[in-house]
Amino acid sequence: MRFKSFFIASSLFLGLSQLSYGQAGTIVGSKHDFSLSNNTWNFSTPITAQLQGQICRPCHAPHNTNGLSSWTNDNAGSFGPLWDHAQSNANYTIYSQGYNFWKEGAATIGSPDGSSKLCLSCHDGTVALASFRTYTGTTTMAGFDGGAANLGTDLSTTHPVSFTYNTALATTDHKIWDPSATPSGVHSGTIQTDMLEYDKVQCTSCHDPHNAAGVNHLLIKSNVGSALCFTCHKL
Ligand code: HEC
Ligand code: HEC
Ligand code: HEC
Ligand code: HEC
């Protein structure tokens with residue numbers, strides 16, 4: 001009898017912990033899990049050997065990382081957190097505010113900077129995916145998996161990134177929420193604290209490369225009913 005309740009209690013505990021693990025989300029098994037068991041990048045043999053079945057390696061390494069210095073952003077001096085992936089030198093066509101018929105707000109869109117540059121080092125299709133450390137791969141995003149995740153270098157067809165979204169912009173553009181006063185629904189903070197990087201909209205305003213939320217497309221929160229869009233847009 002005592003054994004039986006022990007088993008019930010422990011399986012209940014296991015069930016609950018698995019549930020919260022699933023809800024929390026994880027990079028493991030996501031499209032950003034680059035470990036050997038999961039990758040279909042067709043790395044050439046020496047690169048596969050260097051990857052050693054690790055998940056983080058193409059993006060970060062613990063020591064002697066690339067340390068590229070041309071990330072001219074508020075994080076001046078380093079390209080990204082222990083960043084190990086080769087950088088893209090592409091020139092981008094940026095989003096045009098010409099569509100802003102009401103001429104309200106109109107944020108000043110800059111060339112990609114901050115973590116958007118990190119994303120584009122794979123997602124603009126110009127740098128081979130398996131280019132980290134001293135290795136240079138051959139397959140770019142353009143030639144990978146049908147190219148669905150290849151945004152290209154023409155970013156006029158993608159949501160604007162790398163621009164300041166602050167209270168001043170929300171004062172002139174009445175169709176967006178004040179980022180410093182609006183809850184994000186991502187963590188317990190505001191749009192500004194949870195979704196912006198140095199007050200800027202970046203790829204990471206909508207995506208988490210580590211899939212913490214466990215939502216499709218590595219989104220930071222569910223976009224069912226366009227909930228992600230409505231977080232910032234007031235329509
Ligand atoms: C596909 C590329 C990619 C992979 C794989 C990846 N990361 Fe990241 N990581 C990023 C990017 C881009 C940033 C900077 C933007 C951000 O903070 O989300 C970052 C930031 C971080 C940071 C600092 C900011 C934070 O979120 O705390 C840590 C720590 C980190 N990653 C750890 C890891 C670990 C550990 C792994 C492997 C289990 C991993 N990452 C795998 C792309 C990646
Ligand atoms: C090391 C290269 C690399 C970097 C850096 C990288 N990605 Fe990816 N990403 C990939 C690959 C490979 C895929 C899978 C593409 C496919 O299957 O078509 C992918 C897939 C995705 C997807 C689609 C996920 C899905 O389930 O549909 C999103 C969204 C994404 N990445 C966003 C980002 C963002 C945002 C960043 C930066 C914060 C980033 N990636 C950085 C390589 C990278
Ligand atoms: C304003 C929010 C937002 C921003 C900013 C954003 N994305 Fe996305 N992205 C989404 C949503 C939502 C999806 C899900 C697919 C859809 O609804 O079309 C998506 C899908 C993707 C996909 C998967 C495409 C596919 O069909 O497999 C990739 C890759 C991706 N984004 C990369 C990026 C990168 C890289 C950046 C920065 C340059 C970025 N995203 C900026 C919202 C955003
Ligand atoms: C993190 C906040 C944030 C999220 C999430 C977000 N946006 Fe935006 N979006 C903005 C800001 C800020 C602007 C620039 C507004 C301006 O220039 O006044 C913008 C610009 C736009 C524009 C261009 C407007 C123009 O005048 O050219 C469109 C369209 C748009 N977003 C649609 C979307 C859609 C669709 C989603 C959901 C997939 C989304 N946004 C998610 C903050 C966000």
# chains A, B, ... in the order shown; residues from 1 in each chain; ligands from 1
>>> residues_near_ligand(ligand="ligand 1", cutoff="10 Å", atoms="only C-alpha atoms and all ligand atoms", output="PyMOL selection string")
chain A and resi 26-28+30-35+54-62+79-85+114-123+129+195+197+202-205+207-212
>>> residues_around(residues="Ala149 in chain A", least_positions_apart="3", cutoff="9 Å", atoms="only C-alpha atoms", output="list in words")
His123, Asp124, Gly125, Met141, Ala142, Phe144, Asp145 and Gly146 of chain A
>>> closest_residue(among="A:Leu155, A:Ala90, A:Ala148, A:Ile109", to="Lys200 in chain A", atoms="only C-alpha atoms")
A:Ile109
>>> atom_distance(atom1="CA of Leu228 in chain A", atom2="atom 10 (C, counted along the ligand's line) of ligand 3")
8.9 Å
>>> closest_residue(among="A:Gln87, A:Ser222, A:Thr158, A:Gln52", to="ligand 2", atoms="only C-alpha atoms and all ligand atoms")
A:Gln87
>>> atom_distance(atom1="atom 34 (C, counted along the ligand's line) of ligand 2", atom2="CA of Ser162 in chain A")
13.6 Å
>>> closest_residue(among="A:Thr172, A:Asn150, A:Thr157, A:Thr231", to="ligand 3", atoms="only C-alpha atoms and all ligand atoms")
A:Asn150
>>> closest_residue(among="A:Val127, A:Ile191, A:Val215, A:Ala107", to="Asn89 in chain A", atoms="only C-alpha atoms")
A:Val127
>>> atom_distance(atom1="CA of Ser180 in chain A", atom2="CA of Asn166 in chain A")
7.2 Å
>>> closest_residue(among="A:Ser188, A:Ala24, A:Thr136, A:Asn91", to="Gln50 in chain A", atoms="only C-alpha atoms")
A:Thr136
>>> select_by_dssp(residues="range 37-229 of chain A", states="strand (DSSP E)", output="PyMOL selection string")
chain A and resi 163-164+200-201
>>> closest_residue(among="A:Gly225, A:Cys206, A:Pro183, A:Ala130", to="Leu51 in chain A", atoms="only C-alpha atoms")
A:Ala130
>>> residues_around(residues="Thr108 in chain A", least_positions_apart="5", cutoff="9 Å", atoms="only C-alpha atoms", output="short mmCIF file (atom, residue, chain, number, x, y, z; two decimals) with N, CA, C and O atoms, in the first residue's frame")
data_model
loop_
_atom_site.label_atom_id
_atom_site.label_comp_id
_atom_site.auth_asym_id
_atom_site.auth_seq_id
_atom_site.Cartn_x
_atom_site.Cartn_y
_atom_site.Cartn_z
N GLN A 97 9.87 53.47 -45.16
CA GLN A 97 8.69 53.99 -44.48
C GLN A 97 7.73 54.67 -45.45
O GLN A 97 6.78 55.31 -45.04
N SER A 162 16.23 47.25 -36.21
CA SER A 162 17.34 48.17 -35.97
C SER A 162 16.91 49.63 -36.02
O SER A 162 17.48 50.45 -36.74
N PHE A 163 15.86 49.94 -35.25
CA PHE A 163 15.42 51.33 -35.11
C PHE A 163 14.92 51.54 -33.68
O PHE A 163 14.48 50.58 -33.02
N THR A 164 14.97 52.78 -33.23
CA THR A 164 14.58 53.11 -31.87
C THR A 164 13.06 53.22 -31.75
O THR A 164 12.41 53.89 -32.55
#
>>> select_by_dssp(residues="range 156-193 of chain A", states="alpha helix (DSSP H)", output="ChimeraX atom specification")
/A:167-172,191-193
